[in-house]
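Colleague: Pasting in a structure now, in structure tokens, and then I'll have a few things to ask.
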Amino acid sequence: MSNTKPRDVQIASIDADTTILRSRTWERLKFEVEYSLQRGTTANSYLIQAEKTAVLDPPGESFTEIYLHHLQHLLDLQHLDYIILGHINPNRCATLKALLELAPQVTFICSKAGAVALRTAFKEQELKINVPRAEELIDLGKGHQLQFIAVPTPRWPDELYTYDQGTRILFTDKLFGTHVCDDQIFDEGWKHLDEDRQHYYDCLHAAQSRQVETALDKFAPLSIKFYAPGHGPIVRYSKSRLTHDYRQWSQQQKEKETTVALIYASAYGNTATLGQAIAKGINKSGVRVELINCESSEPAEIQAAVEKCDGFIIGSPTLGGHMPTQVQTALGIVLSTAAKSKLAGVFGSYGWSGEAIDEIESKLQDAGYGFGFDTIRVKFKPDDLTLQQCKEAGTDFAQALKKAKKVRTIRQPVSDSQIDRTEQAMGRIVSPLCVVSAKRGSLTGAMLASWVSQASFNPPGLTVAVAKDRAVEPLMHTKDKFVLNILQEGMNLRRHFLKSFAPGADRFAGLKTEEAENGCPILSDALAYLECTVESRVECGDHWVVYAVVDSGKVLQPGGMTAVYHRKSGGQY
């Protein structure tokens, strides 16, 4: 699939009087850089044309013009009755503004928080807004009775799901989506979506798993034919399986022993994006994150989260040289509640100054808290490199928490003779010592790898085991490229890659490198290298086992010997 295809809108009838308009791009969009695997995406909107008409979830401004062009071929917008919004963000408001000009009589249907967001975004205009009550139905005629289910989340306090009792379609907005662009409207042959679906959940929903379970509980009494999400294919053939997966993934979050409370407010969405990236880095390290949007959370909820967490992170924008009132309140709760032994972190975005970030950092320092990463300050919108830095900062924070917890755990001294015999035996497995180097767009990464093995002759293939909390792991998904640099005995490259790197640091600084044909770095002092493409991944405990096809390779030092890694125990590297 080429990523040079133009953006378009794919239109199809999916049930009685119901049409999907899939605004498609084969490239990543800026609004979803924090969780996309660069396989493109679809922004799904839906049109119900009964006795009354309703549009659900118009796309963002990247598609405004092309979307409205196709919508007007399906419907005279002067006859549009409702625009139903699962959530509202600045990106979507450009399309809503254009729709209002063409359909000034339209009524918006949204949650209570959505109504506030709408009035804030359109403060100069009078809007018709209907905030449906819990049991209220809106009848479009021809059997289309719409039921609305509000489930506020930290990231989307205005989240609203819509159930059509006539067609039994549940319009799920941010739930059950996938960032994949193709011609497939429904999810036939859905197994190929597994990796993308779990990645989507991990990035968007893992840190608000409690609210995901609430939504699933509210869906349970409904007789649902299929899920119509905001991104990716409609979930029809794998509805039961994906519902089960969401339950299981959410339960796994609850079972994690260590918890971080990530408290934030966000004026324009930038601070929320940073927080989501930090949460992703924490979560993949096996630590649970609870996102708390202090703009929509009660003080008692914040206090309860701070009391039970092992560490906390506070994020804030700067408005008029100050932190928002809600962040001030949350900071006061933290300072009066959190034990000084708890690890802290601070981040935030700003436009012209960043006083709020500095003030939070200063107050926590004065109170005696230790920090799990250097404070993150970002001007305007974060880019890919900044988000990667945030993920790595989150991973460092999680690892520091787990290390501190081990130190606090009282253990009896263990002699060599008491070490598990199985681990001793596993430690006798000898592996080549390699460096995996990967690149995607502007992002690069590397790691020292010893769990490497040839896996196939035809095509030539190999496997690499990658710990889930490795910084390079996000660059080693299916179809990603990497170089396996096989190290030479006696060289010092191993020492370079054993050291700790700051979040976002260049792993190749000070080393001689050249660019492979696949764009990834080759270590010039390596014994040999192999250019690889990831074919598949298997989740194995605390690691991913990555199977890759070898595209090409070369021996750089014909007289050298492969560096081999000998371990004493199979319980650690």
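Please note that chains go A, B, ... in the order of the structure tokens, that every chain numbers its residues from 1, and that ligands are numbered from 1 in the order shown.
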Determine which residues of range 286-317 of chain A DSSP labels as alpha helix (DSSP H) from the backbone of this structure, then write them out as an MDAnalysis selection string.
Modeller: chainID A and resid 299:308
Colleague: Quick one: everything within 10 Å of Asn458 in chain A, counting only C-alpha atoms, minus sequence neighbours fewer than 3 positions away in the same chain. Send it as a list in words.
Modeller: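 Here the qualifying residues turn out to be Ala455, Gly461, Val549 and Val550 of chain A.
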Colleague: Include N, CA, C and O atoms and write out the residues we just selected as an mmCIF file, in the first residue's frame.
Modeller:
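What follows is the written file part29.cif:
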```cif
data_model
loop_
_atom_site.group_PDB
_atom_site.id
_atom_site.type_symbol
_atom_site.label_atom_id
_atom_site.label_comp_id
_atom_site.auth_asym_id
_atom_site.auth_seq_id
_atom_site.Cartn_x
_atom_site.Cartn_y
_atom_site.Cartn_z
ATOM 1 N N ALA A 455 15.734 -17.840 12.570
ATOM 2 C CA ALA A 455 14.434 -18.485 12.710
ATOM 3 C C ALA A 455 13.977 -19.216 11.460
ATOM 4 O O ALA A 455 13.125 -20.095 11.539
ATOM 5 N N GLY A 461 15.224 -15.456 7.956
ATOM 6 C CA GLY A 461 14.569 -14.697 9.018
ATOM 7 C C GLY A 461 15.209 -14.934 10.361
ATOM 8 O O GLY A 461 15.949 -15.913 10.560
ATOM 9 N N VAL A 549 12.119 -10.622 8.636
ATOM 10 C CA VAL A 549 12.724 -11.150 7.414
ATOM 11 C C VAL A 549 13.983 -10.337 7.114
ATOM 12 O O VAL A 549 13.973 -9.098 7.218
ATOM 13 N N VAL A 550 15.070 -11.014 6.764
ATOM 14 C CA VAL A 550 16.334 -10.351 6.450
ATOM 15 C C VAL A 550 16.317 -9.952 4.971
ATOM 16 O O VAL A 550 16.210 -10.799 4.085
#
```
Colleague: Any idea what the distance is between CA of Glu195 in chain A and CA of Tyr227 in chain A?
Modeller: 18.7 Å
Colleague: Looking at A:Cys520, A:Cys181, A:Ile292, A:Ile149, which one is nearest to Ser209 in chain A, with distances taken over only C-alpha atoms?
Modeller: A:Ile292
Colleague: List the spatial neighbours of Leu331 in chain A as a list of chain:residue names - criterion: any atom at most 9 Å away, only C-alpha atoms, same-chain residues fewer than 4 positions off excluded.
Modeller: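 Once the nearby chain positions are removed, what remains is A:Ile314, A:Gln326, A:Val327, A:Leu335, A:Ser336, A:Ile360, A:Lys363, A:Leu364.
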Colleague: Go ahead and save the residues from that selection, with N, CA, C and O atoms, as a CSV table (one decimal), in the first residue's frame.
Modeller:
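The file below, result.csv, is the result:
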```csv
chain,number,residue,atom,x,y,z
A,314,ILE,N,2.4,15.6,37.8
A,314,ILE,CA,1.5,16.7,37.6
A,314,ILE,C,1.8,17.5,36.3
A,314,ILE,O,3.0,17.8,36.1
A,326,GLN,N,-7.8,24.9,38.8
A,326,GLN,CA,-8.0,23.4,39.1
A,326,GLN,C,-6.6,22.8,39.4
A,326,GLN,O,-6.6,21.9,40.2
A,327,VAL,N,-5.6,23.2,38.7
A,327,VAL,CA,-4.3,22.6,39.0
A,327,VAL,C,-3.8,23.1,40.4
A,327,VAL,O,-3.1,22.3,41.1
A,335,LEU,N,0.3,18.2,48.0
A,335,LEU,CA,1.2,18.7,49.1
A,335,LEU,C,0.7,18.3,50.5
A,335,LEU,O,1.5,18.1,51.4
A,336,SER,N,-0.6,18.2,50.7
A,336,SER,CA,-1.1,17.9,52.0
A,336,SER,C,-1.4,16.4,52.2
A,336,SER,O,-1.6,16.0,53.3
A,360,ILE,N,5.2,24.7,39.9
A,360,ILE,CA,4.9,23.3,40.4
A,360,ILE,C,6.2,22.6,40.8
A,360,ILE,O,6.3,22.0,41.9
A,363,LYS,N,7.6,24.2,44.1
A,363,LYS,CA,6.8,23.8,45.3
A,363,LYS,C,7.1,22.4,45.7
A,363,LYS,O,7.1,22.1,46.9
A,364,LEU,N,7.2,21.5,44.8
A,364,LEU,CA,7.4,20.1,45.1
A,364,LEU,C,8.9,19.9,45.6
A,364,LEU,O,9.1,19.1,46.5
```
Colleague: Need to verify the contact set: Leu137 in chain A, 9 Å, only C-alpha atoms, exclusion of same-chain residues closer than 4 positions in sequence. Can you return it as a ChimeraX atom specification?
Modeller: /A:132-133,145-148
Colleague: Neighbours of Ile278 in chain A within 12 Å (only C-alpha atoms; same-chain residues fewer than 5 positions away dropped), as a ChimeraX atom specification?
Modeller: /A:34-35,203-204,207,260-264,271-273,283-285,287-291,312-315,345-348,372-373,375-376,386-398,503
Colleague: Separation of CA of Leu29 in chain A and CA of Val180 in chain A, in Å?
Modeller: 11.9 Å
Colleague: Pull the strand (DSSP E) assignments for range 1-73 of chain A out of DSSP run on the backbone, and list those residues as a ChimeraX atom specification.
Modeller: /A:8-15,18-25,41-49,53-56
Colleague: By how many Å are CA of Ile14 in chain A and CA of Pro233 in chain A apart?
Modeller: 11.6 Å
Colleague: Using only C-alpha atoms, pick whichever of A:Ala117, A:Val483, A:Met426, A:Leu242 has the shortest atom-to-atom distance to Asn518 in chain A.
Modeller: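 Checking each candidate against Asn518 in chain A, we get A:Val483 as the closest.
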Colleague: Determine, counting only C-alpha atoms, which protein, DNA and RNA residues have an atom within 6 Å of an atom of Leu140 in chain A; residues of the same chain fewer than 6 positions away are not included. Present the result as a list in words.
Modeller: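 So, after excluding close chain neighbours, the residues are Ala50, Glu51 and Lys52 of chain A.
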Colleague: What's around Arg428 in chain A at 7 Å? Count only C-alpha atoms, leave out sequence neighbours fewer than 6 positions away in its own chain, and write the answer as a ChimeraX atom specification.
Modeller: /A:566-568
Colleague: Print the selection's residues with N, CA, C and O atoms to a file, as a PDB file, in the first residue's frame.
Modeller:
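The resulting selection26.pdb:
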```pdb
ATOM      1  N   HIS A 566      27.733 -14.519  27.723  1.00  0.00           N
ATOM      2  CA  HIS A 566      27.570 -15.608  28.680  1.00  0.00           C
ATOM      3  C   HIS A 566      26.896 -15.051  29.932  1.00  0.00           C
ATOM      4  O   HIS A 566      27.332 -14.058  30.496  1.00  0.00           O
ATOM      5  N   ARG A 567      25.852 -15.738  30.378  1.00  0.00           N
ATOM      6  CA  ARG A 567      25.146 -15.304  31.583  1.00  0.00           C
ATOM      7  C   ARG A 567      25.255 -16.370  32.673  1.00  0.00           C
ATOM      8  O   ARG A 567      25.404 -17.552  32.382  1.00  0.00           O
ATOM      9  N   LYS A 568      25.132 -15.925  33.916  1.00  0.00           N
ATOM     10  CA  LYS A 568      25.120 -16.857  35.037  1.00  0.00           C
ATOM     11  C   LYS A 568      23.698 -17.286  35.391  1.00  0.00           C
ATOM     12  O   LYS A 568      23.492 -18.348  35.967  1.00  0.00           O
TER      13      LYS A 568
END
```
Colleague: Smallest atom-to-atom distance to Ala134 in chain A: which of A:His192, A:Lys218, A:Ser349, A:Ser62, using only C-alpha atoms?
Modeller: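 The closest residue to Ala134 in chain A is A:Lys218.
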Colleague: Could you check the closest approach to Ala304 in chain A for each of A:Leu523, A:Ile66, A:Ile333, A:Ala509 and tell me which residue wins, using only C-alpha atoms?
Modeller: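 Between A:Leu523, A:Ile66, A:Ile333, A:Ala509, the residue approaching Ala304 in chain A most closely is A:Ile333.
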Colleague: I need the residue nearest Lys128 in chain A from this list: A:Phe171, A:Trp190, A:Tyr82, A:Phe63. Use only C-alpha atoms for the distance.
Modeller: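 Smallest separation from Lys128 in chain A among the options: A:Tyr82.
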Colleague: Hey, which of A:Phe497, A:Tyr268, A:Tyr201, A:Phe219 ends up closest to Thr120 in chain A? Count only C-alpha atoms.
Modeller: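 That would be A:Tyr268, the residue with the smallest distance to Thr120 in chain A.
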